[in-house]
$ cat query_35.cif   # mmCIF, C-alpha atoms and all ligand atoms
data_target
loop_
_atom_site.group_PDB
_atom_site.id
_atom_site.type_symbol
_atom_site.label_atom_id
_atom_site.label_comp_id
_atom_site.auth_asym_id
_atom_site.auth_seq_id
_atom_site.Cartn_x
_atom_site.Cartn_y
_atom_site.Cartn_z
ATOM 1 C CA MET A 3 132.703 114.115 -2.896
ATOM 2 C CA ASN A 4 135.557 116.121 -4.362
ATOM 3 C CA GLU A 5 138.568 117.430 -2.455
ATOM 4 C CA GLY A 6 137.111 120.924 -2.027
ATOM 5 C CA GLY A 7 133.847 119.489 -0.680
ATOM 6 C CA ALA A 8 135.707 117.249 1.762
ATOM 7 C CA GLU A 9 137.822 120.169 2.949
ATOM 8 C CA ALA A 10 134.728 122.344 3.405
ATOM 9 C CA LEU A 11 132.795 119.781 5.404
ATOM 10 C CA ILE A 12 135.741 118.531 7.470
ATOM 11 C CA GLY A 13 136.339 122.118 8.625
ATOM 12 C CA VAL A 14 132.758 122.342 9.799
ATOM 13 C CA LEU A 15 132.911 118.907 11.477
ATOM 14 C CA ILE A 16 136.146 119.869 13.273
ATOM 15 C CA SER A 17 134.556 123.104 14.489
ATOM 16 C CA MET A 18 131.659 121.046 15.904
ATOM 17 C CA GLY A 19 134.025 118.694 17.714
ATOM 18 C CA LEU A 20 132.937 115.691 15.615
ATOM 19 C CA VAL A 21 136.178 115.024 13.709
ATOM 20 C CA GLU A 22 139.846 115.542 14.550
ATOM 21 C CA SER A 23 143.163 115.299 12.795
ATOM 22 C CA ALA A 24 144.673 111.839 13.328
ATOM 23 C CA SER A 25 148.281 112.391 12.357
ATOM 24 C CA SER A 26 150.591 114.344 10.122
ATOM 25 C CA ASP A 27 149.631 112.124 7.146
ATOM 26 C CA GLY A 28 146.456 114.165 6.635
ATOM 27 C CA ARG A 29 143.928 111.617 7.905
ATOM 28 C CA TYR A 30 140.977 112.560 10.059
ATOM 29 C CA VAL A 31 139.116 110.375 12.552
ATOM 30 C CA LEU A 32 135.897 110.573 14.537
ATOM 31 C CA THR A 33 136.178 112.100 18.004
ATOM 32 C CA ASP A 34 134.963 110.207 21.099
ATOM 33 C CA LEU A 35 131.828 112.375 20.976
ATOM 34 C CA SER A 36 131.004 111.158 17.446
ATOM 35 C CA ARG A 37 131.833 107.564 18.310
ATOM 36 C CA GLU A 38 129.512 107.612 21.318
ATOM 37 C CA TYR A 39 126.517 109.373 19.799
ATOM 38 C CA LEU A 40 126.646 109.069 16.009
ATOM 39 C CA VAL A 41 127.796 105.511 15.326
ATOM 40 C CA PRO A 42 124.962 102.963 15.060
ATOM 41 C CA GLY A 43 125.621 100.180 17.551
ATOM 42 C CA SER A 44 126.770 102.514 20.317
ATOM 43 C CA PRO A 45 124.374 102.276 23.293
ATOM 44 C CA TYR A 46 124.042 106.074 23.136
ATOM 45 C CA HIS A 47 123.453 106.310 19.357
ATOM 46 C CA ILE A 48 121.212 109.341 18.884
ATOM 47 C CA GLY A 49 119.602 107.648 15.875
ATOM 48 C CA GLU A 50 115.961 108.401 15.310
ATOM 49 C CA GLY A 51 115.924 111.461 17.523
ATOM 50 C CA LEU A 52 118.479 113.556 15.661
ATOM 51 C CA PHE A 53 116.430 114.796 12.737
ATOM 52 C CA TRP A 54 112.854 114.351 13.863
ATOM 53 C CA ASP A 55 110.562 117.266 13.018
ATOM 54 C CA CYS A 56 113.469 119.131 11.345
ATOM 55 C CA THR A 57 111.547 119.562 8.112
ATOM 56 C CA ASP A 58 108.229 120.488 9.743
ATOM 57 C CA ASP A 59 106.673 123.935 9.609
ATOM 58 C CA VAL A 60 106.679 126.169 12.673
ATOM 59 C CA PRO A 61 104.573 124.326 15.307
ATOM 60 C CA GLY A 62 100.928 125.393 15.390
ATOM 61 C CA ALA A 63 101.232 125.965 19.122
ATOM 62 C CA TYR A 64 103.566 128.914 18.397
ATOM 63 C CA LEU A 65 101.210 130.697 15.992
ATOM 64 C CA ALA A 66 98.369 133.100 16.698
ATOM 65 C CA GLY A 67 94.929 132.208 15.378
ATOM 66 C CA THR A 68 95.627 128.755 13.936
ATOM 67 C CA GLY A 69 93.456 126.953 16.457
ATOM 68 C CA GLN A 70 96.177 124.310 16.583
ATOM 69 C CA THR A 71 97.644 123.993 20.043
ATOM 70 C CA THR A 72 99.661 120.790 19.878
ATOM 71 C CA ALA A 73 102.422 119.518 17.667
ATOM 72 C CA THR A 74 101.100 116.651 15.563
ATOM 73 C CA ALA A 75 103.339 113.634 15.876
ATOM 74 C CA SER A 76 102.305 110.525 14.026
ATOM 75 C CA TRP A 77 104.920 108.104 15.343
ATOM 76 C CA SER A 78 104.006 104.622 16.433
ATOM 77 C CA THR A 79 104.576 103.803 20.110
ATOM 78 C CA GLU A 80 107.718 101.854 19.127
ATOM 79 C CA VAL A 81 109.223 104.818 17.257
ATOM 80 C CA ARG A 82 108.274 107.242 20.042
ATOM 81 C CA LEU A 83 109.991 105.005 22.620
ATOM 82 C CA ALA A 84 113.075 104.685 20.392
ATOM 83 C CA ILE A 85 113.311 108.489 20.088
ATOM 84 C CA GLN A 86 112.874 108.933 23.857
ATOM 85 C CA HIS A 87 115.485 106.272 24.461
ATOM 86 C CA SER A 88 118.091 107.791 22.145
ATOM 87 C CA ARG A 89 117.559 111.228 23.703
ATOM 88 C CA ASN A 90 117.466 110.267 27.385
ATOM 89 C CA PHE A 91 119.628 107.178 27.871
ATOM 90 C CA ALA A 92 123.037 108.863 28.266
ATOM 91 C CA PRO A 93 121.977 111.458 30.899
ATOM 92 C CA SER A 94 119.878 108.825 32.715
ATOM 93 C CA VAL A 95 122.917 106.524 32.975
ATOM 94 C CA THR A 96 124.858 109.445 34.472
ATOM 95 C CA ALA A 97 122.012 110.029 36.932
ATOM 96 C CA ALA A 98 121.875 106.355 37.936
ATOM 97 C CA ARG A 99 125.650 106.439 38.499
ATOM 98 C CA SER A 100 125.679 109.746 40.408
ATOM 99 C CA GLY A 101 125.972 107.921 43.728
ATOM 100 C CA VAL A 102 122.669 109.102 45.179
ATOM 101 C CA PHE A 103 120.946 105.772 44.421
ATOM 102 C CA ASP A 104 123.665 103.533 45.836
ATOM 103 C CA GLY A 105 122.211 100.976 48.231
ATOM 104 C CA VAL A 106 118.565 101.645 47.331
ATOM 105 C CA THR A 107 116.375 98.617 48.084
ATOM 106 C CA ARG A 108 113.062 99.422 46.442
ATOM 107 C CA MET A 109 112.383 102.110 43.893
ATOM 108 C CA VAL A 110 109.801 103.195 41.383
ATOM 109 C CA ASP A 111 110.625 104.804 38.030
ATOM 110 C CA VAL A 112 107.508 106.904 37.414
ATOM 111 C CA ALA A 113 106.556 107.138 33.715
ATOM 112 C CA GLY A 114 109.790 105.296 33.030
ATOM 113 C CA GLY A 115 109.500 105.024 29.234
ATOM 114 C CA SER A 116 111.964 102.564 27.678
ATOM 115 C CA GLY A 117 113.824 102.125 30.974
ATOM 116 C CA THR A 118 116.527 104.727 30.380
ATOM 117 C CA PHE A 119 116.893 105.039 34.159
ATOM 118 C CA ALA A 120 115.535 101.677 35.377
ATOM 119 C CA ILE A 121 118.091 99.764 33.283
ATOM 120 C CA PRO A 122 121.300 101.335 34.667
ATOM 121 C CA VAL A 123 119.937 101.562 38.217
ATOM 122 C CA ALA A 124 119.019 97.841 38.139
ATOM 123 C CA LEU A 125 122.398 96.907 36.653
ATOM 124 C CA ASP A 126 124.271 98.831 39.353
ATOM 125 C CA ASN A 127 122.086 97.743 42.303
ATOM 126 C CA PRO A 128 121.491 94.001 41.907
ATOM 127 C CA ALA A 129 119.759 93.761 45.295
ATOM 128 C CA ALA A 130 117.194 96.464 44.507
ATOM 129 C CA SER A 131 113.594 95.858 43.430
ATOM 130 C CA VAL A 132 112.847 98.242 40.591
ATOM 131 C CA PHE A 133 109.336 99.049 39.348
ATOM 132 C CA LEU A 134 108.809 100.909 36.080
ATOM 133 C CA VAL A 135 105.361 102.453 35.744
ATOM 134 C CA GLU A 136 104.093 103.223 32.249
ATOM 135 C CA GLN A 137 100.799 103.852 30.495
ATOM 136 C CA PRO A 138 99.003 100.544 29.788
ATOM 137 C CA THR A 139 99.211 101.161 26.015
ATOM 138 C CA VAL A 140 102.989 101.677 26.187
ATOM 139 C CA ALA A 141 104.018 99.143 28.870
ATOM 140 C CA PRO A 142 104.060 96.104 26.503
ATOM 141 C CA PHE A 143 106.738 97.800 24.386
ATOM 142 C CA VAL A 144 109.236 98.212 27.242
ATOM 143 C CA ALA A 145 110.299 94.550 27.610
ATOM 144 C CA PRO A 146 112.673 94.444 24.568
ATOM 145 C CA TYR A 147 114.763 97.260 26.095
ATOM 146 C CA LEU A 148 114.961 95.441 29.442
ATOM 147 C CA ARG A 149 115.882 92.146 27.729
ATOM 148 C CA LYS A 150 118.646 93.834 25.739
ATOM 149 C CA TYR A 151 120.403 94.741 29.004
ATOM 150 C CA GLY A 152 119.544 91.496 30.834
ATOM 151 C CA VAL A 153 117.316 93.138 33.467
ATOM 152 C CA ALA A 154 113.877 91.891 32.354
ATOM 153 C CA ASP A 155 113.620 89.692 35.463
ATOM 154 C CA ARG A 156 114.802 92.506 37.746
ATOM 155 C CA VAL A 157 112.584 95.383 36.579
ATOM 156 C CA THR A 158 108.834 94.918 37.015
ATOM 157 C CA VAL A 159 106.810 96.854 34.442
ATOM 158 C CA VAL A 160 103.576 98.176 35.982
ATOM 159 C CA PRO A 161 100.925 99.237 33.422
ATOM 160 C CA MET A 162 99.170 102.124 35.171
ATOM 161 C CA ASP A 163 98.135 105.764 34.906
ATOM 162 C CA VAL A 164 100.390 107.506 37.435
ATOM 163 C CA PHE A 165 97.734 110.175 38.102
ATOM 164 C CA GLN A 166 95.408 107.626 39.675
ATOM 165 C CA LEU A 167 95.001 108.130 43.419
ATOM 166 C CA ASP A 168 96.064 104.720 44.691
ATOM 167 C CA TRP A 169 98.967 103.044 42.930
ATOM 168 C CA GLY A 170 98.253 99.725 44.643
ATOM 169 C CA LEU A 171 101.995 99.062 45.057
ATOM 170 C CA ASP A 172 103.979 98.481 48.230
ATOM 171 C CA ALA A 173 105.770 101.672 49.261
ATOM 172 C CA SER A 174 109.204 102.486 47.806
ATOM 173 C CA ASP A 175 112.218 104.183 49.427
ATOM 174 C CA VAL A 176 112.847 106.169 46.265
ATOM 175 C CA ALA A 177 110.696 107.524 43.448
ATOM 176 C CA PHE A 178 112.296 108.808 40.251
ATOM 177 C CA LEU A 179 110.679 111.232 37.803
ATOM 178 C CA GLY A 180 112.793 111.524 34.644
ATOM 179 C CA ASN A 181 111.631 114.010 32.029
ATOM 180 C CA PHE A 182 108.042 113.824 33.147
ATOM 181 C CA LEU A 183 107.472 116.786 35.486
ATOM 182 C CA HIS A 184 108.260 119.053 32.525
ATOM 183 C CA ASP A 185 105.268 117.575 30.651
ATOM 184 C CA GLN A 186 102.945 119.027 33.305
ATOM 185 C CA ASN A 187 101.566 122.465 34.066
ATOM 186 C CA ASP A 188 101.953 123.461 37.731
ATOM 187 C CA ASP A 189 98.528 122.103 38.803
ATOM 188 C CA ASP A 190 99.133 118.682 37.221
ATOM 189 C CA ALA A 191 102.709 118.672 38.528
ATOM 190 C CA LEU A 192 101.344 119.066 42.067
ATOM 191 C CA VAL A 193 98.949 116.146 41.550
ATOM 192 C CA LEU A 194 101.845 114.030 40.264
ATOM 193 C CA LEU A 195 104.114 114.965 43.181
ATOM 194 C CA ASP A 196 101.276 114.202 45.589
ATOM 195 C CA ARG A 197 100.915 110.711 44.050
ATOM 196 C CA CYS A 198 104.647 110.123 44.488
ATOM 197 C CA SER A 199 104.486 111.314 48.101
ATOM 198 C CA ARG A 200 101.555 109.027 48.924
ATOM 199 C CA HIS A 201 103.463 106.078 47.485
ATOM 200 C CA LEU A 202 106.765 106.646 49.313
ATOM 201 C CA THR A 203 107.708 105.219 52.691
ATOM 202 C CA GLU A 204 107.894 107.698 55.581
ATOM 203 C CA SER A 205 110.945 109.873 54.800
ATOM 204 C CA GLY A 206 111.308 108.234 51.367
ATOM 205 C CA ALA A 207 113.050 110.326 48.707
ATOM 206 C CA LEU A 208 111.861 111.731 45.403
ATOM 207 C CA TRP A 209 114.362 112.613 42.654
ATOM 208 C CA VAL A 210 113.393 114.692 39.631
ATOM 209 C CA HIS A 211 115.798 114.509 36.671
ATOM 210 C CA GLU A 212 115.481 117.167 33.988
ATOM 211 C CA VAL A 213 117.278 119.846 32.015
ATOM 212 C CA LEU A 214 116.989 122.973 34.163
ATOM 213 C CA PHE A 215 117.021 126.658 33.288
ATOM 214 C CA ASP A 216 119.386 128.772 35.340
ATOM 215 C CA GLU A 217 118.159 132.172 36.557
ATOM 216 C CA ARG A 218 118.981 133.997 33.279
ATOM 217 C CA PRO A 219 116.239 133.974 30.619
ATOM 218 C CA GLY A 220 116.976 131.515 27.803
ATOM 219 C CA ARG A 221 120.044 130.012 29.473
ATOM 220 C CA PRO A 222 121.486 127.524 29.068
ATOM 221 C CA GLN A 223 120.663 127.038 25.401
ATOM 222 C CA ILE A 224 119.860 123.336 25.906
ATOM 223 C CA ALA A 225 117.101 124.274 28.381
ATOM 224 C CA ALA A 226 115.655 126.797 25.903
ATOM 225 C CA LEU A 227 115.592 124.080 23.214
ATOM 226 C CA TRP A 228 113.839 121.563 25.486
ATOM 227 C CA ASN A 229 111.421 124.311 26.539
ATOM 228 C CA ALA A 230 110.611 125.106 22.899
ATOM 229 C CA ASN A 231 109.803 121.416 22.428
ATOM 230 C CA MET A 232 107.542 121.341 25.490
ATOM 231 C CA ILE A 233 105.632 124.449 24.354
ATOM 232 C CA ALA A 234 105.218 122.973 20.852
ATOM 233 C CA ARG A 235 103.463 119.994 22.414
ATOM 234 C CA GLY A 236 100.892 122.298 23.992
ATOM 235 C CA SER A 237 100.425 120.276 27.192
ATOM 236 C CA GLY A 238 101.206 123.282 29.389
ATOM 237 C CA GLY A 239 104.546 121.738 30.276
ATOM 238 C CA VAL A 240 107.747 123.800 30.513
ATOM 239 C CA GLN A 241 111.370 123.451 31.573
ATOM 240 C CA ARG A 242 111.816 124.969 35.024
ATOM 241 C CA THR A 243 114.610 126.391 37.151
ATOM 242 C CA CYS A 244 115.858 124.425 40.152
ATOM 243 C CA ASP A 245 114.005 126.872 42.443
ATOM 244 C CA GLU A 246 110.750 126.316 40.561
ATOM 245 C CA VAL A 247 111.058 122.534 40.890
ATOM 246 C CA VAL A 248 111.888 122.872 44.595
ATOM 247 C CA ARG A 249 108.904 125.194 45.143
ATOM 248 C CA LEU A 250 106.536 122.587 43.669
ATOM 249 C CA MET A 251 108.132 119.788 45.687
ATOM 250 C CA ARG A 252 107.890 121.865 48.875
ATOM 251 C CA GLN A 253 104.185 122.525 48.196
ATOM 252 C CA ALA A 254 103.676 118.769 47.823
ATOM 253 C CA GLY A 255 105.256 118.109 51.217
ATOM 254 C CA PHE A 256 108.924 117.432 50.471
ATOM 255 C CA THR A 257 111.874 118.851 52.389
ATOM 256 C CA ASP A 258 115.722 118.650 52.593
ATOM 257 C CA PHE A 259 116.386 119.541 48.971
ATOM 258 C CA ARG A 260 119.552 118.763 47.101
ATOM 259 C CA ARG A 261 120.720 119.368 43.524
ATOM 260 C CA VAL A 262 123.188 117.079 41.758
ATOM 261 C CA PRO A 263 124.202 118.074 38.183
ATOM 262 C CA THR A 264 124.485 115.023 35.917
ATOM 263 C CA SER A 265 125.225 115.599 32.203
ATOM 264 C CA GLY A 266 124.032 117.494 29.134
ATOM 265 C CA GLY A 267 122.427 120.278 31.192
ATOM 266 C CA PHE A 268 120.489 117.759 33.303
ATOM 267 C CA SER A 269 120.338 117.848 37.083
ATOM 268 C CA LEU A 270 118.846 115.660 39.752
ATOM 269 C CA VAL A 271 116.720 117.589 42.241
ATOM 270 C CA GLY A 272 115.974 115.521 45.327
ATOM 271 C CA GLY A 273 113.794 115.956 48.363
ATOM 272 C CA ARG A 274 112.736 113.814 51.290
ATOM 273 C CA LYS A 275 109.100 113.263 52.233
ATOM 274 C CA ALA A 276 108.473 115.535 55.234
ATOM 275 C CA ALA A 277 107.619 113.751 58.490
ATOM 276 C CA SER A 278 104.505 115.864 58.967
ATOM 277 C CA ARG A 279 102.405 116.823 56.003
ATOM 278 C CA ASP A 280 100.226 119.229 58.042
ATOM 279 C CA GLY A 281 99.381 122.269 55.997
ATOM 280 C CA VAL A 282 100.437 120.587 52.773
ATOM 281 C CA ARG A 283 97.994 120.921 49.955
ATOM 282 C CA ARG A 284 96.431 117.448 49.540
ATOM 283 C CA VAL A 285 95.344 116.811 45.983
ATOM 284 C CA THR A 286 92.473 114.388 45.503
ATOM 285 C CA ILE A 287 91.379 115.109 41.953
HETATM 286 C C1 LIG A 301 109.118 112.103 28.181
HETATM 287 S S1 LIG A 301 108.908 110.413 28.505
HETATM 288 C C2 LIG A 301 110.143 110.098 29.735
HETATM 289 C C3 LIG A 301 110.472 108.640 29.838
HETATM 290 C C4 LIG A 301 111.632 108.316 30.795
HETATM 291 N N1 LIG A 301 111.317 108.703 32.154
HETATM 292 C C5 LIG A 301 112.913 108.933 30.336
HETATM 293 O O1 LIG A 301 113.395 109.914 30.933
HETATM 294 O O2 LIG A 301 113.457 108.444 29.323
HETATM 295 C C6 LIG A 301 107.416 110.400 29.405
HETATM 296 C C7 LIG A 301 106.776 109.025 29.529
HETATM 297 O O3 LIG A 301 105.623 109.149 30.351
HETATM 298 C C8 LIG A 301 104.670 108.227 29.936
HETATM 299 N N2 LIG A 301 103.375 108.685 30.435
HETATM 300 C C9 LIG A 301 102.660 109.752 30.013
HETATM 301 N N3 LIG A 301 101.523 109.885 30.737
HETATM 302 C C10 LIG A 301 101.529 108.868 31.641
HETATM 303 C C11 LIG A 301 100.615 108.471 32.666
HETATM 304 N N4 LIG A 301 99.505 109.183 32.904
HETATM 305 N N5 LIG A 301 100.900 107.372 33.404
HETATM 306 C C12 LIG A 301 102.049 106.652 33.157
HETATM 307 N N6 LIG A 301 102.963 107.006 32.219
HETATM 308 C C13 LIG A 301 102.697 108.098 31.460
HETATM 309 C C14 LIG A 301 104.790 108.278 28.418
HETATM 310 O O4 LIG A 301 104.262 107.100 27.806
HETATM 311 C C15 LIG A 301 106.298 108.433 28.226
HETATM 312 O O5 LIG A 301 106.922 107.186 28.022
#

$ encode --input "query_35.cif" --output "structure tokens"
Amino acid sequence: MNEGGAEALIGVLISMGLVESASSDGRYVLTDLSREYLVPGSPYHIGEGLFWDCTDDVPGAYLAGTGQTTATASWSTEVRLAIQHSRNFAPSVTAARSGVFDGVTRMVDVAGGSGTFAIPVALDNPAASVFLVEQPTVAPFVAPYLRKYGVADRVTVVPMDVFQLDWGLDASDVAFLGNFLHDQNDDDALVLLDRCSRHLTESGALWVHEVLFDERPGRPQIAALWNANMIARGSGGVQRTCDEVVRLMRQAGFTDFRRVPTSGGFSLVGGRKAASRDGVRRVTI
């Protein structure tokens, strides 16, 4: 690169907060943001996820009359897990360290993927039993992530479809749903929340962790981007506002709601299983 090219690109990188001036001798260095997310070897390296689908056409799900309703992804399970991991690990670590899980004894990470949440929560709560439920076809690929952080003997991977009626597991105090409610339309979300409720101990807690819209359309931008991704997939899933998540949880029999912002536009939304579920819509599909 010539001097003009370097000057042009460094200006752009500075404006994006990725590079900063080091000293009066004219050198530039990476910012903490770059070091954390862009350097291979960092636990939060964004890696695979940064450019995926960037060169694709407009998703078929956005277009009228194409007959194509889902984005076509051809990744292997390993690549899909790596992309999920690079995208979700940093906010999940913040969630695990938010304080709301301190002292938990038994918890289930529902549709837990690579363990973005199970790993930090197990590391921080050595006395807790942690169960990570994943689809049977995906579950065998989770172990390398758990081994990397030394928690393979502390996190039990349960190969199971979380929509099945009886999970066949002893009840947990806490259920965690990270980036999974947004995959569901409202009807499926209610089935999922019902399954979590059935599994929890009396007055057990459910925490949903997602990027939330605020009350203004399209805001914040990060929620609009996640929402565009969900619509491209064509599953009927969407990003929701905090009120919309709470409304679904209330319908499924939860109460005592609380919101805890974590990072990157994510928030935890928690509720406790109501003592009486009279009048709650029971879902037995
Ligand atoms: C968007 S990822 C979120 C993973 C993780 N919770 C996180 O935040 O990084 C959703 C995960 O749900 C899993 N999944 C989808 N349908 C499932 C089902 N019916 N039962 C269990 N897991 C499922 C997928 O394999 C995927 O790993």

$ residues_near_ligand --input "query_35.cif" --ligand "ligand LIG 301 (chain A)" --cutoff "7 Å" --atoms "all atoms listed in the file" --output "PyMOL selection string"
chain A and resi 83+86-87+90-91+94+112-119+135-137+140+162-165+179-182

$ residues_around --input "query_35.cif" --residues "range 58-67 of chain A" --least-positions-apart "6" --cutoff "8 Å" --atoms "only C-alpha atoms" --output "MDAnalysis selection string"
chainID A and resid 73 233:236

$ write_last_selection --input "query_35.cif" --atoms "C-alpha atoms" --output "PDB file, in the frame of the given file"
ATOM      1  CA  ALA A  73     102.422 119.518  17.667  1.00  0.00           C
ATOM      2  CA  ILE A 233     105.632 124.449  24.354  1.00  0.00           C
ATOM      3  CA  ALA A 234     105.218 122.973  20.852  1.00  0.00           C
ATOM      4  CA  ARG A 235     103.463 119.994  22.414  1.00  0.00           C
ATOM      5  CA  GLY A 236     100.892 122.298  23.992  1.00  0.00           C
TER       6      GLY A 236
END

$ resolve_selection --input "query_35.cif" --expression "the PyMOL selection byres (((chain A and resi 131) around 9) and not hetatm)" --output "PyMOL selection string"
chain A and resi 106-110+124+127-130+132-133+156-158

$ resolve_selection --input "query_35.cif" --expression "the PyMOL selection byres (((chain A and resi 39) around 10) and not hetatm)" --output "list in words"
Leu20, Asp34, Leu35, Ser36, Arg37, Glu38, Leu40, Val41, Pro42, Gly43, Ser44, Pro45, Tyr46, His47, Ile48, Gly49, Leu52, Ser88, Arg89 and Ala92 of chain A

$ atom_distance --input "query_35.cif" --atom1 "CA of Tyr151 in chain A" --atom2 "CA of Ala97 in chain A"
17.3 Å

$ axis_aligned_box --input "query_35.cif" --around "range 126-129 of chain A" --padding-each-side "3 Å" --output "lines of an AutoDock Vina configuration file"
center_x = 122.0
center_y = 96.3
center_z = 42.3
size_x = 10.5
size_y = 11.1
size_z = 11.9

$ atom_distance --input "query_35.cif" --atom1 "CA of Asp172 in chain A" --atom2 "CA of Leu208 in chain A"
15.7 Å

$ closest_residue --input "query_35.cif" --among "A:Gly220, A:Gly170, A:Pro142, A:Gly238" --to "Asn187 in chain A" --atoms "only C-alpha atoms"
A:Gly238

$ residues_around --input "query_35.cif" --residues "Leu192 in chain A" --least-positions-apart "6" --cutoff "8 Å" --atoms "all atoms listed in the file" --output "mmCIF file with C-alpha atoms, in the frame of the given file"
data_model
loop_
_atom_site.group_PDB
_atom_site.id
_atom_site.type_symbol
_atom_site.label_atom_id
_atom_site.label_comp_id
_atom_site.auth_asym_id
_atom_site.auth_seq_id
_atom_site.Cartn_x
_atom_site.Cartn_y
_atom_site.Cartn_z
ATOM 1 C CA LEU A 250 106.536 122.587 43.669
ATOM 2 C CA MET A 251 108.132 119.788 45.687
ATOM 3 C CA GLN A 253 104.185 122.525 48.196
ATOM 4 C CA ALA A 254 103.676 118.769 47.823
ATOM 5 C CA VAL A 285 95.344 116.811 45.983
#

$ resolve_selection --input "query_35.cif" --expression "the PyMOL selection byres (((chain A and resi 229) around 9) and not hetatm)" --output "PyMOL selection string"
chain A and resi 184+224-228+230-234+239-242

$ closest_residue --input "query_35.cif" --among "A:Lys150, A:Arg249, A:Arg274, A:His211" --to "Asp111 in chain A" --atoms "all atoms listed in the file"
A:His211

$ closest_residue --input "query_35.cif" --among "A:Ser78, A:Ser237, A:Ser26, A:Ser269" --to "Trp209 in chain A" --atoms "only C-alpha atoms"
A:Ser269

$ atom_distance --input "query_35.cif" --atom1 "CA of Leu202 in chain A" --atom2 "CA of Asp189 in chain A"
20.4 Å

$ residues_around --input "query_35.cif" --residues "Asp245 in chain A" --least-positions-apart "6" --cutoff "12 Å" --atoms "only C-alpha atoms" --output "PDB file with C-alpha atoms, in the frame of the given file"
ATOM      1  CA  LEU A 214     116.989 122.973  34.163  1.00  0.00           C
ATOM      2  CA  PHE A 215     117.021 126.658  33.288  1.00  0.00           C
ATOM      3  CA  ASP A 216     119.386 128.772  35.340  1.00  0.00           C
ATOM      4  CA  GLU A 217     118.159 132.172  36.557  1.00  0.00           C
ATOM      5  CA  MET A 251     108.132 119.788  45.687  1.00  0.00           C
ATOM      6  CA  ARG A 252     107.890 121.865  48.875  1.00  0.00           C
ATOM      7  CA  PHE A 259     116.386 119.541  48.971  1.00  0.00           C
ATOM      8  CA  ARG A 260     119.552 118.763  47.101  1.00  0.00           C
ATOM      9  CA  ARG A 261     120.720 119.368  43.524  1.00  0.00           C
ATOM     10  CA  VAL A 271     116.720 117.589  42.241  1.00  0.00           C
ATOM     11  CA  GLY A 272     115.974 115.521  45.327  1.00  0.00           C
TER      12      GLY A 272
END

$ closest_residue --input "query_35.cif" --among "A:Cys244, A:Val159, A:Val144, A:Ala177" --to "Arg197 in chain A" --atoms "only C-alpha atoms"
A:Ala177

$ residues_around --input "query_35.cif" --residues "Ile85 in chain A" --least-positions-apart "4" --cutoff "7 Å" --atoms "only C-alpha atoms" --output "mmCIF file with C-alpha atoms, keeping the file's coordinate frame"
data_model
loop_
_atom_site.group_PDB
_atom_site.id
_atom_site.type_symbol
_atom_site.label_atom_id
_atom_site.label_comp_id
_atom_site.auth_asym_id
_atom_site.auth_seq_id
_atom_site.Cartn_x
_atom_site.Cartn_y
_atom_site.Cartn_z
ATOM 1 C CA GLU A 50 115.961 108.401 15.310
ATOM 2 C CA GLY A 51 115.924 111.461 17.523
ATOM 3 C CA VAL A 81 109.223 104.818 17.257
ATOM 4 C CA ARG A 89 117.559 111.228 23.703
#

$ closest_residue --input "query_35.cif" --among "A:Ala277, A:Leu171, A:Ile121, A:Ala145" --to "Arg99 in chain A" --atoms "only C-alpha atoms"
A:Ile121

$ residues_around --input "query_35.cif" --residues "range 5-12 of chain A" --least-positions-apart "3" --cutoff "10 Å" --atoms "all atoms listed in the file" --output "VMD selection string"
chain A and resid 15 to 18 20 to 23 30

$ write_last_selection --input "query_35.cif" --atoms "C-alpha atoms" --output "PDB file, in the coordinates of the input"
ATOM      1  CA  LEU A  15     132.911 118.907  11.477  1.00  0.00           C
ATOM      2  CA  ILE A  16     136.146 119.869  13.273  1.00  0.00           C
ATOM      3  CA  SER A  17     134.556 123.104  14.489  1.00  0.00           C
ATOM      4  CA  MET A  18     131.659 121.046  15.904  1.00  0.00           C
ATOM      5  CA  LEU A  20     132.937 115.691  15.615  1.00  0.00           C
ATOM      6  CA  VAL A  21     136.178 115.024  13.709  1.00  0.00           C
ATOM      7  CA  GLU A  22     139.846 115.542  14.550  1.00  0.00           C
ATOM      8  CA  SER A  23     143.163 115.299  12.795  1.00  0.00           C
ATOM      9  CA  TYR A  30     140.977 112.560  10.059  1.00  0.00           C
TER      10      TYR A  30
END
